[in-house]
$ cat structure-v1.cif   # mmCIF, C-alpha atoms and all ligand atoms
data_data
#
loop_
_atom_site.label_atom_id
_atom_site.label_comp_id
_atom_site.auth_asym_id
_atom_site.auth_seq_id
_atom_site.Cartn_x
_atom_site.Cartn_y
_atom_site.Cartn_z
CA MET X 1 47.64 127.65 -72.88
CA THR X 2 50.04 130.54 -73.49
CA SER X 3 51.75 131.84 -70.38
CA PRO X 4 51.34 135.54 -69.61
CA LEU X 5 55.15 135.53 -69.36
CA LYS X 6 55.54 135.05 -73.10
CA GLY X 7 57.40 138.10 -74.38
CA LYS X 8 58.13 139.39 -70.86
CA VAL X 9 61.62 140.11 -69.57
CA ALA X 10 62.87 138.76 -66.23
CA LEU X 11 66.05 139.46 -64.32
CA VAL X 12 67.02 136.70 -61.87
CA THR X 13 69.81 137.27 -59.37
CA GLY X 14 71.76 134.32 -58.05
CA ALA X 15 71.01 132.44 -61.28
CA SER X 16 74.29 130.50 -61.29
CA ASN X 17 73.07 127.94 -58.77
CA GLY X 18 70.20 126.41 -56.82
CA ILE X 19 66.85 128.17 -56.72
CA GLY X 20 67.92 131.01 -59.04
CA GLU X 21 69.20 128.64 -61.70
CA ALA X 22 65.99 126.60 -61.57
CA THR X 23 63.91 129.79 -61.66
CA ALA X 24 65.71 131.10 -64.74
CA ARG X 25 65.02 127.80 -66.51
CA ALA X 26 61.36 127.79 -65.45
CA LEU X 27 60.75 131.39 -66.53
CA ALA X 28 62.44 130.75 -69.87
CA ALA X 29 60.30 127.64 -70.36
CA ARG X 30 57.22 129.84 -69.86
CA GLY X 31 58.39 132.17 -72.61
CA ALA X 32 60.18 134.98 -70.76
CA ALA X 33 63.50 136.38 -71.89
CA VAL X 34 65.78 135.90 -68.89
CA VAL X 35 68.80 137.81 -67.67
CA LEU X 36 71.01 135.74 -65.41
CA ALA X 37 72.91 137.69 -62.78
CA ALA X 38 75.55 136.29 -60.41
CA ARG X 39 79.31 136.39 -59.93
CA SER X 40 80.18 133.02 -61.52
CA GLU X 41 80.28 134.00 -65.17
CA GLU X 42 81.18 130.53 -66.37
CA ARG X 43 78.16 128.87 -64.79
CA LEU X 44 75.89 131.57 -66.17
CA GLY X 45 77.37 130.97 -69.63
CA PHE X 46 76.45 127.28 -69.47
CA LEU X 47 72.88 128.13 -68.56
CA VAL X 48 72.57 130.73 -71.34
CA ARG X 49 73.66 128.13 -73.84
CA GLU X 50 71.21 125.57 -72.45
CA ILE X 51 68.27 128.00 -72.57
CA SER X 52 69.19 129.23 -76.05
CA ALA X 53 69.52 125.66 -77.33
CA ALA X 54 65.98 125.01 -76.08
CA GLY X 55 64.74 128.00 -78.11
CA GLY X 56 64.67 130.55 -75.27
CA ARG X 57 66.27 133.97 -74.95
CA ALA X 58 68.89 134.52 -72.24
CA LEU X 59 71.71 136.87 -71.37
CA ALA X 60 74.38 136.43 -68.68
CA VAL X 61 75.56 139.48 -66.75
CA LYS X 62 78.32 139.07 -64.20
CA THR X 63 76.91 140.81 -61.15
CA ASP X 64 77.70 141.36 -57.51
CA VAL X 65 74.36 142.49 -56.10
CA ALA X 66 76.03 143.97 -53.03
CA ASP X 67 77.73 146.49 -55.32
CA LYS X 68 75.28 149.24 -56.32
CA ASP X 69 77.02 149.97 -59.65
CA SER X 70 77.10 146.30 -60.56
CA ALA X 71 73.37 145.91 -59.82
CA ARG X 72 72.61 149.02 -61.90
CA ASP X 73 74.69 147.64 -64.76
CA ALA X 74 72.70 144.37 -64.69
CA VAL X 75 69.43 146.29 -64.95
CA GLU X 76 70.68 148.61 -67.69
CA ARG X 77 72.03 145.74 -69.77
CA THR X 78 68.69 143.97 -69.39
CA VAL X 79 66.84 146.95 -70.79
CA ARG X 80 69.41 147.54 -73.56
CA GLN X 81 69.26 143.91 -74.68
CA PHE X 82 65.55 143.17 -74.36
CA GLY X 83 63.93 146.61 -74.26
CA ALA X 84 62.10 146.19 -70.92
CA LEU X 85 62.18 144.78 -67.43
CA ASP X 86 58.94 143.18 -66.27
CA VAL X 87 60.01 140.76 -63.52
CA LEU X 88 62.78 141.17 -60.97
CA VAL X 89 63.57 138.08 -58.89
CA ASN X 90 65.79 139.02 -55.96
CA ASN X 91 67.08 135.57 -55.15
CA ALA X 92 70.86 135.96 -54.62
CA GLY X 93 71.71 135.30 -51.01
CA LEU X 94 73.79 133.37 -48.56
CA GLY X 95 73.50 131.90 -45.11
CA LEU X 96 75.33 132.58 -41.88
CA SER X 97 75.45 130.04 -39.09
CA GLY X 98 76.51 130.69 -35.53
CA ARG X 99 75.04 131.48 -32.15
CA VAL X 100 74.11 135.10 -31.52
CA ALA X 101 76.62 135.32 -28.66
CA GLU X 102 79.42 134.47 -31.07
CA LEU X 103 78.47 136.21 -34.34
CA ARG X 104 81.21 138.36 -35.83
CA PRO X 105 80.01 141.81 -36.89
CA ASP X 106 81.96 141.65 -40.17
CA ASP X 107 80.24 138.42 -41.17
CA LEU X 108 76.86 139.84 -40.29
CA ARG X 109 77.58 143.05 -42.23
CA TYR X 110 78.60 141.04 -45.28
CA VAL X 111 75.48 138.88 -45.20
CA PHE X 112 73.31 142.00 -44.79
CA ASP X 113 75.16 143.52 -47.77
CA VAL X 114 74.19 140.60 -49.98
CA ASN X 115 70.79 139.59 -48.58
CA LEU X 116 69.36 143.05 -47.89
CA LEU X 117 71.38 145.72 -49.69
CA GLY X 118 71.57 143.42 -52.73
CA PRO X 119 67.78 143.37 -53.29
CA LEU X 120 67.61 147.08 -52.42
CA ASN X 121 70.25 147.91 -55.05
CA CYS X 122 68.38 145.89 -57.68
CA VAL X 123 64.98 147.35 -56.79
CA GLN X 124 66.28 150.92 -56.91
CA ALA X 125 67.92 150.31 -60.27
CA ALA X 126 64.88 148.50 -61.70
CA LEU X 127 61.99 150.70 -60.58
CA PRO X 128 62.51 153.51 -63.12
CA TYR X 129 62.11 150.94 -65.92
CA MET X 130 59.23 148.90 -64.53
CA ARG X 131 55.82 149.35 -66.06
CA ARG X 132 52.30 148.43 -65.04
CA ASP X 133 52.03 144.72 -64.11
CA GLY X 134 55.71 144.71 -63.17
CA ARG X 135 56.62 142.08 -60.57
CA ILE X 136 59.20 142.32 -57.83
CA ILE X 137 59.76 138.96 -56.15
CA ASN X 138 61.95 138.83 -53.07
CA VAL X 139 63.14 135.42 -51.97
CA SER X 140 62.95 135.39 -48.18
CA SER X 141 62.72 132.24 -46.04
CA VAL X 142 60.44 130.63 -43.47
CA VAL X 143 63.14 131.54 -40.96
CA GLY X 144 62.54 135.13 -42.01
CA ARG X 145 59.15 134.72 -40.32
CA ARG X 146 60.28 132.79 -37.24
CA ALA X 147 63.93 132.98 -36.27
CA ILE X 148 65.51 129.75 -35.12
CA PRO X 149 68.62 129.07 -33.02
CA LYS X 150 72.12 129.01 -34.47
CA VAL X 151 71.23 131.00 -37.60
CA GLY X 152 69.91 134.18 -35.95
CA GLY X 153 72.09 136.50 -38.05
CA TYR X 154 70.81 135.03 -41.30
CA CYS X 155 67.23 135.17 -40.03
CA ALA X 156 67.71 138.87 -39.24
CA THR X 157 68.63 139.59 -42.88
CA LYS X 158 65.43 137.95 -44.10
CA PHE X 159 63.25 139.71 -41.50
CA ALA X 160 64.76 142.97 -42.74
CA LEU X 161 64.06 142.01 -46.34
CA ASN X 162 60.41 141.31 -45.48
CA ALA X 163 60.17 144.80 -43.98
CA LEU X 164 61.42 146.39 -47.20
CA SER X 165 59.03 144.24 -49.22
CA ASP X 166 56.02 145.25 -47.09
CA ALA X 167 56.80 148.96 -47.34
CA LEU X 168 57.64 148.83 -51.04
CA ARG X 169 54.46 146.87 -51.87
CA VAL X 170 52.33 149.74 -50.67
CA GLU X 171 54.57 152.42 -52.18
CA VAL X 172 54.37 151.01 -55.72
CA ALA X 173 50.81 149.66 -55.64
CA ASN X 174 49.41 152.67 -57.48
CA ARG X 175 51.90 152.07 -60.31
CA GLY X 176 50.42 148.59 -60.78
CA ILE X 177 53.63 146.87 -59.67
CA THR X 178 53.31 143.92 -57.28
CA VAL X 179 55.83 142.98 -54.58
CA THR X 180 55.87 139.41 -53.31
CA SER X 181 57.77 137.73 -50.52
CA VAL X 182 58.45 134.06 -51.18
CA TYR X 183 59.25 131.95 -48.11
CA PRO X 184 60.97 128.68 -49.00
CA GLY X 185 61.76 126.16 -46.30
CA THR X 186 64.74 123.86 -46.59
CA THR X 187 65.59 123.40 -50.24
CA ARG X 188 68.08 120.93 -51.70
CA THR X 189 70.79 123.28 -52.98
CA ALA X 190 74.40 124.07 -52.10
CA PHE X 191 73.10 126.80 -49.77
CA ARG X 192 74.48 125.25 -46.60
CA GLU X 193 77.87 124.59 -48.13
CA ASN X 194 77.96 128.20 -49.36
CA SER X 195 76.94 129.64 -45.98
CA ARG X 196 79.38 131.52 -43.81
CA ARG X 197 80.15 129.87 -40.51
CA THR X 198 81.03 131.67 -37.30
CA LYS X 199 83.01 128.82 -35.84
CA ASP X 200 83.58 125.41 -37.22
CA GLU X 201 80.06 124.45 -36.16
CA LYS X 202 78.54 121.29 -37.49
CA ARG X 203 75.88 121.68 -40.13
CA GLY X 204 73.46 119.98 -37.78
CA TRP X 205 70.33 117.99 -38.47
CA ARG X 206 68.60 118.82 -41.67
CA PRO X 207 65.31 117.62 -43.09
CA GLY X 208 65.22 116.49 -46.71
CA GLY X 209 63.69 119.63 -48.11
CA VAL X 210 62.14 120.33 -51.48
CA THR X 211 63.84 120.54 -54.85
CA PRO X 212 64.85 123.94 -56.21
CA GLU X 213 62.55 123.22 -59.15
CA LYS X 214 59.55 123.18 -56.81
CA VAL X 215 60.48 126.62 -55.46
CA ALA X 216 61.12 127.82 -59.01
CA GLU X 217 57.61 126.82 -60.09
CA LYS X 218 56.13 128.85 -57.21
CA ILE X 219 58.26 131.85 -58.16
CA SER X 220 57.20 131.48 -61.79
CA ASP X 221 53.52 131.38 -60.77
CA VAL X 222 54.10 134.63 -58.88
CA ALA X 223 55.81 136.11 -61.95
CA GLU X 224 52.62 135.34 -63.88
CA ARG X 225 49.98 136.32 -61.35
CA GLY X 226 51.58 138.31 -58.51
CA GLY X 227 50.75 137.62 -54.87
CA ARG X 228 51.68 138.89 -51.44
CA ASP X 229 53.16 136.15 -49.25
CA VAL X 230 53.93 132.84 -50.88
CA TYR X 231 54.91 129.59 -49.16
CA VAL X 232 56.22 126.61 -51.05
CA THR X 233 54.70 123.81 -48.93
CA LEU X 234 51.74 123.41 -46.59
CA PRO X 235 53.99 122.37 -43.65
CA ASP X 236 55.94 125.64 -44.08
CA ARG X 237 52.71 127.60 -43.94
CA LEU X 238 51.49 125.62 -40.92
CA PHE X 239 54.83 126.10 -39.13
CA ILE X 240 54.50 129.88 -39.48
CA ALA X 241 50.82 129.84 -38.46
CA GLY X 242 51.72 127.77 -35.39
CA THR X 243 54.63 129.96 -34.33
CA THR X 244 52.46 133.06 -34.73
CA LEU X 245 49.69 131.61 -32.57
CA ALA X 246 51.91 129.99 -29.92
CA PRO X 247 55.38 131.55 -30.02
CA GLY X 248 56.31 130.42 -26.50
CA LEU X 249 55.46 126.82 -27.30
CA PHE X 250 57.76 126.93 -30.30
CA ASP X 251 60.52 128.49 -28.17
CA ARG X 252 60.33 125.40 -25.99
CA VAL X 253 60.35 123.04 -28.96
CA LEU X 254 63.31 124.87 -30.50
CA ARG X 255 65.33 124.63 -27.28
CA HIS X 256 66.21 121.08 -28.30
CA TRP X 257 67.76 122.44 -31.43
CA ALA X 258 69.78 124.98 -29.50
CA LYS X 259 71.50 122.19 -27.58
CA ASP X 260 74.59 120.90 -29.30
N1 LIG X 301 68.33 126.43 -49.80
C1 LIG X 301 67.51 126.69 -48.80
O1 LIG X 301 67.27 125.83 -47.94
C2 LIG X 301 66.84 128.04 -48.73
C3 LIG X 301 65.71 128.16 -47.89
C4 LIG X 301 65.07 129.38 -47.80
C5 LIG X 301 65.53 130.46 -48.53
N2 LIG X 301 66.62 130.33 -49.33
C6 LIG X 301 67.07 131.52 -50.08
O2 LIG X 301 67.03 131.22 -51.45
C7 LIG X 301 67.99 132.01 -52.14
C8 LIG X 301 68.81 131.13 -53.06
O3 LIG X 301 69.51 130.20 -52.28
P1 LIG X 301 69.99 128.77 -52.82
O4 LIG X 301 69.45 127.76 -51.90
O5 LIG X 301 69.69 128.64 -54.26
O6 LIG X 301 71.56 128.89 -52.54
P2 LIG X 301 72.83 128.65 -53.47
O7 LIG X 301 72.67 127.39 -54.23
O8 LIG X 301 74.00 128.82 -52.58
O9 LIG X 301 72.76 129.85 -54.53
C9 LIG X 301 72.99 131.18 -54.13
C10 LIG X 301 73.09 132.04 -55.37
O10 LIG X 301 73.32 133.40 -54.95
C11 LIG X 301 74.40 133.91 -55.70
N3 LIG X 301 75.11 134.96 -54.96
C12 LIG X 301 75.67 134.89 -53.73
N4 LIG X 301 76.23 136.08 -53.43
C13 LIG X 301 76.01 136.90 -54.50
C14 LIG X 301 76.37 138.23 -54.79
N5 LIG X 301 77.07 138.99 -53.93
N6 LIG X 301 75.99 138.77 -55.98
C15 LIG X 301 75.30 138.02 -56.87
N7 LIG X 301 74.93 136.75 -56.65
C16 LIG X 301 75.30 136.19 -55.47
C17 LIG X 301 75.30 132.71 -56.01
O11 LIG X 301 76.04 132.93 -57.19
P3 LIG X 301 77.58 133.35 -57.30
O12 LIG X 301 78.31 132.66 -56.19
O13 LIG X 301 77.94 132.88 -58.68
O14 LIG X 301 77.59 134.85 -57.20
C18 LIG X 301 74.25 131.63 -56.28
O15 LIG X 301 73.83 131.68 -57.62
C19 LIG X 301 68.79 132.74 -51.07
O16 LIG X 301 68.32 134.08 -50.95
C20 LIG X 301 68.49 131.95 -49.82
O17 LIG X 301 68.61 132.76 -48.67
C21 LIG X 301 67.28 129.15 -49.46
#
$ encode --input "structure-v1.cif" --output "C-alpha cells"
Amino acid sequence: MTSPLKGKVALVTGASNGIGEATARALAARGAAVVLAARSEERLGFLVREISAAGGRALAVKTDVADKDSARDAVERTVRQFGALDVLVNNAGLGLSGRVAELRPDDLRYVFDVNLLGPLNCVQAALPYMRRDGRIINVSSVVGRRAIPKVGGYCATKFALNALSDALRVEVANRGITVTSVYPGTTRTAFRENSRRTKDEKRGWRPGGVTPEKVAEKISDVAERGGRDVYVTLPDRLFIAGTTLAPGLFDRVLRHWAKD
C-alpha cells in the first residue's frame, strides 16, 4: 500500500543521531523527501548519502535550532529545494541532570534555548509555508508529563514544550494543520552521554528502553495520520495514567530514586 507520505516533504531536527536519525530514515522509506537538520554536518552528510543510495530524496542543512536565523534558513532551504514543507519534526534536544537545589541557571537557560525555543523557532519559520494536512510533531518525553527527581530542569523544558503544543494545536486547527506531542520513555540513544550534568553525578539506574527505530515508527505514523498525544509503549502510557490518578503514591515511589 502506498504511504500518504509519498511525495511529501519533511524537516527533521536533530537528525544526526538517535531518534531523529531513525525518523529521517523511516520517513524516507515511506516516500517522503527529508531535510536533515542538526549541527554535525558530517553525520548528516553520511545519512543523506545512505538515503539517496536507497532511492530516497534527502538534503542536509547545518542547523542550530536555538538560533532563530539558523532555524529559518533550514525551513527556507527546505522549501527552495523541495517546493513545500508538509511535516515538521521538532526532535532536536538535550538532557540536563542535577537536583533542583543545585541547578545552574545558565545550564537551564541553555537547555530551554534548545528544547523549547528551538521548536518555537522552527514552528514560527515553518507555519507560513505549511498547507492543509500539515503536521507539526513535537518530541516531548514521558517525564514531560510527570517530572522525576534529579532531572527536574530537563522535565521543565518538556512540560513547557507541551504547553506550546497544546495552545498551537488549537490555534492552527482551522488551517487543517495537526500538532502532536510524542512522549517517548527511555530510548537507547546517546542522549544520556550528550546530556549536561550539574555536578559529576552518576548516570544512575536506567532501564533498557526501546530502540530509536521504534520511536521513529510512531513518529512516522503520526506524520501519516496526525494525532494528539502519542506514547511509544503501553507501560509509558500506564505510568502517566497512574501518576495522574495517584500523584502522591508516585511521589513516595520516586523517593527511592531521589536517594543517592
Ligand atoms: N533517549 C531518550 O531516552 C529520550 C526519551 C524521551 C525523549 N527524548 C527526546 O528525544 C529527542 C531526541 O533525543 P535522542 O535520544 O535521539 O538524543 P541524541 O542521540 O543525543 O540526539 C540529539 C539530537 O539533537 C541534536 N541537537 C542537539 N542540540 C541541537 C541544536 N542546538 N540544534 C540542532 N540540533 C541539535 C543533535 O545533533 P547535533 O549535536 O549534531 O546538533 C542530535 O542529532 C530529544 O528531544 C529528547 O529530549 C529522548
$ residues_around --input "structure-v1.cif" --residues "Ser141 in chain X" --least-positions-apart "5" --cutoff "7 Å" --atoms "only C-alpha atoms" --output "list of chain:residue names"
X:Lys158, X:Val182, X:Tyr183, X:Pro184, X:Gly185
$ residues_near_ligand --input "structure-v1.cif" --ligand "ligand LIG 301 (chain X)" --cutoff "6 Å" --atoms "only C-alpha atoms and all ligand atoms" --output "PyMOL selection string"
chain X and resi 13-20+38-40+63-66+91-94+114+139-141+184-191+194
$ residues_near_point --input "structure-v1.cif" --point "(71.2, 133.8, -35.1)" --cutoff "8 Å" --atoms "only C-alpha atoms" --output "list in words"
Ser97, Gly98, Arg99, Val100, Leu103, Ala147, Ile148, Pro149, Lys150, Val151, Gly152, Gly153, Tyr154, Cys155 and Ala156 of chain X
$ residues_around --input "structure-v1.cif" --residues "range 223-225 of chain X" --least-positions-apart "3" --cutoff "7 Å" --atoms "only C-alpha atoms" --output "list in words"
Pro4, Leu5, Val87, Arg135, Ile219 and Ser220 of chain X
$ closest_residue --input "structure-v1.cif" --among "X:Ile177, X:Val222, X:Ala58, X:Leu254" --to "Ala37 in chain X" --atoms "all atoms listed in the file"
X:Ala58
$ closest_residue --input "structure-v1.cif" --among "X:Ile136, X:Leu116, X:Val172, X:Val143" --to "Gly227 in chain X" --atoms "all atoms listed in the file"
X:Ile136
$ residues_near_point --input "structure-v1.cif" --point "(66.4, 146.5, -44.0)" --cutoff "9 Å" --atoms "only C-alpha atoms" --output "CSV table (one decimal) with C-alpha atoms, in the coordinates of the input"
chain,number,residue,atom,x,y,z
X,112,PHE,CA,73.3,142.0,-44.8
X,116,LEU,CA,69.4,143.0,-47.9
X,117,LEU,CA,71.4,145.7,-49.7
X,120,LEU,CA,67.6,147.1,-52.4
X,157,THR,CA,68.6,139.6,-42.9
X,158,LYS,CA,65.4,138.0,-44.1
X,159,PHE,CA,63.2,139.7,-41.5
X,160,ALA,CA,64.8,143.0,-42.7
X,161,LEU,CA,64.1,142.0,-46.3
X,162,ASN,CA,60.4,141.3,-45.5
X,163,ALA,CA,60.2,144.8,-44.0
X,164,LEU,CA,61.4,146.4,-47.2
$ atom_distance --input "structure-v1.cif" --atom1 "CA of Val170 in chain X" --atom2 "CA of Thr233 in chain X"
26.1 Å
$ residues_around --input "structure-v1.cif" --residues "Asp200 in chain X" --least-positions-apart "3" --cutoff "12 Å" --atoms "all atoms listed in the file" --output "list in words"
Leu96, Ser97, Gly98, Arg99, Glu102, Ser195, Arg196, Arg197, Arg203 and Gly204 of chain X
$ write_last_selection --input "structure-v1.cif" --atoms "C-alpha atoms" --output "short mmCIF file (atom, residue, chain, number, x, y, z; two decimals), keeping the file's coordinate frame"
data_model
loop_
_atom_site.label_atom_id
_atom_site.label_comp_id
_atom_site.auth_asym_id
_atom_site.auth_seq_id
_atom_site.Cartn_x
_atom_site.Cartn_y
_atom_site.Cartn_z
CA LEU X 96 75.33 132.58 -41.88
CA SER X 97 75.45 130.04 -39.09
CA GLY X 98 76.51 130.69 -35.53
CA ARG X 99 75.04 131.48 -32.15
CA GLU X 102 79.42 134.47 -31.07
CA SER X 195 76.94 129.64 -45.98
CA ARG X 196 79.38 131.52 -43.81
CA ARG X 197 80.15 129.87 -40.51
CA ARG X 203 75.88 121.68 -40.13
CA GLY X 204 73.46 119.98 -37.78
#
$ atom_distance --input "structure-v1.cif" --atom1 "CA of Tyr110 in chain X" --atom2 "CA of Asp67 in chain X"
11.5 Å
$ residues_around --input "structure-v1.cif" --residues "range 30-36 of chain X" --least-positions-apart "3" --cutoff "10 Å" --atoms "all atoms listed in the file" --output "VMD selection string"
chain X and resid 2 to 16 20 to 21 23 to 27 39 41 43 to 45 47 to 48 51 55 to 63 74 to 75 77 to 79 81 to 82 84 to 88 220 to 221 223 to 224
$ atom_distance --input "structure-v1.cif" --atom1 "CA of Glu213 in chain X" --atom2 "CA of Ile240 in chain X"
22.3 Å
$ decode --input "structure-v1.cif" --residues "range 119-175 of chain X" --atoms "C-alpha atoms" --output "PDB file, in the first residue's frame"
ATOM      1  CA  PRO X 119      10.897  24.083  18.393  1.00  0.00           C
ATOM      2  CA  LEU X 120       9.373  27.562  18.653  1.00  0.00           C
ATOM      3  CA  ASN X 121      11.889  28.950  16.132  1.00  0.00           C
ATOM      4  CA  CYS X 122      11.172  26.100  13.723  1.00  0.00           C
ATOM      5  CA  VAL X 123       7.394  26.359  14.098  1.00  0.00           C
ATOM      6  CA  GLN X 124       7.405  30.116  13.519  1.00  0.00           C
ATOM      7  CA  ALA X 125       9.580  29.721  10.436  1.00  0.00           C
ATOM      8  CA  ALA X 126       7.545  26.793   9.071  1.00  0.00           C
ATOM      9  CA  LEU X 127       3.956  27.946   9.602  1.00  0.00           C
ATOM     10  CA  PRO X 128       3.815  30.430   6.700  1.00  0.00           C
ATOM     11  CA  TYR X 129       4.681  27.571   4.318  1.00  0.00           C
ATOM     12  CA  MET X 130       2.504  24.823   5.774  1.00  0.00           C
ATOM     13  CA  ARG X 131      -0.623  23.850   3.934  1.00  0.00           C
ATOM     14  CA  ARG X 132      -3.728  21.868   4.806  1.00  0.00           C
ATOM     15  CA  ASP X 133      -2.841  18.446   6.288  1.00  0.00           C
ATOM     16  CA  GLY X 134       0.470  19.854   7.506  1.00  0.00           C
ATOM     17  CA  ARG X 135       1.883  18.049  10.548  1.00  0.00           C
ATOM     18  CA  ILE X 136       3.852  19.518  13.408  1.00  0.00           C
ATOM     19  CA  ILE X 137       5.296  16.802  15.644  1.00  0.00           C
ATOM     20  CA  ASN X 138       6.979  17.831  18.865  1.00  0.00           C
ATOM     21  CA  VAL X 139       9.108  15.220  20.586  1.00  0.00           C
ATOM     22  CA  SER X 140       8.446  15.581  24.300  1.00  0.00           C
ATOM     23  CA  SER X 141       9.027  12.844  26.888  1.00  0.00           C
ATOM     24  CA  VAL X 142       7.119  10.842  29.490  1.00  0.00           C
ATOM     25  CA  VAL X 143       8.999  12.948  32.028  1.00  0.00           C
ATOM     26  CA  GLY X 144       7.359  15.945  30.383  1.00  0.00           C
ATOM     27  CA  ARG X 145       4.117  14.556  31.843  1.00  0.00           C
ATOM     28  CA  ARG X 146       5.428  13.545  35.272  1.00  0.00           C
ATOM     29  CA  ALA X 147       8.642  15.134  36.484  1.00  0.00           C
ATOM     30  CA  ILE X 148      11.061  12.833  38.253  1.00  0.00           C
ATOM     31  CA  PRO X 149      13.913  13.561  40.664  1.00  0.00           C
ATOM     32  CA  LYS X 150      17.382  14.568  39.526  1.00  0.00           C
ATOM     33  CA  VAL X 151      16.288  15.726  36.064  1.00  0.00           C
ATOM     34  CA  GLY X 152      13.766  18.402  37.077  1.00  0.00           C
ATOM     35  CA  GLY X 153      15.276  21.074  34.816  1.00  0.00           C
ATOM     36  CA  TYR X 154      15.009  18.864  31.748  1.00  0.00           C
ATOM     37  CA  CYS X 155      11.457  17.874  32.701  1.00  0.00           C
ATOM     38  CA  ALA X 156      10.549  21.577  32.924  1.00  0.00           C
ATOM     39  CA  THR X 157      11.625  22.133  29.300  1.00  0.00           C
ATOM     40  CA  LYS X 158       9.363  19.326  28.110  1.00  0.00           C
ATOM     41  CA  PHE X 159       6.393  20.497  30.219  1.00  0.00           C
ATOM     42  CA  ALA X 160       6.853  23.909  28.602  1.00  0.00           C
ATOM     43  CA  LEU X 161       7.002  22.334  25.151  1.00  0.00           C
ATOM     44  CA  ASN X 162       3.722  20.500  25.818  1.00  0.00           C
ATOM     45  CA  ALA X 163       2.117  23.825  26.729  1.00  0.00           C
ATOM     46  CA  LEU X 164       3.161  25.355  23.408  1.00  0.00           C
ATOM     47  CA  SER X 165       1.921  22.272  21.573  1.00  0.00           C
ATOM     48  CA  ASP X 166      -1.495  22.396  23.272  1.00  0.00           C
ATOM     49  CA  ALA X 167      -2.003  26.086  22.501  1.00  0.00           C
ATOM     50  CA  LEU X 168      -0.694  25.813  18.945  1.00  0.00           C
ATOM     51  CA  ARG X 169      -2.880  22.776  18.188  1.00  0.00           C
ATOM     52  CA  VAL X 170      -5.994  24.829  18.744  1.00  0.00           C
ATOM     53  CA  GLU X 171      -4.621  27.921  17.012  1.00  0.00           C
ATOM     54  CA  VAL X 172      -3.872  26.117  13.738  1.00  0.00           C
ATOM     55  CA  ALA X 173      -6.746  23.614  13.740  1.00  0.00           C
ATOM     56  CA  ASN X 174      -8.832  25.686  11.346  1.00  0.00           C
ATOM     57  CA  ARG X 175      -5.945  25.667   8.855  1.00  0.00           C
TER      58      ARG X 175
END
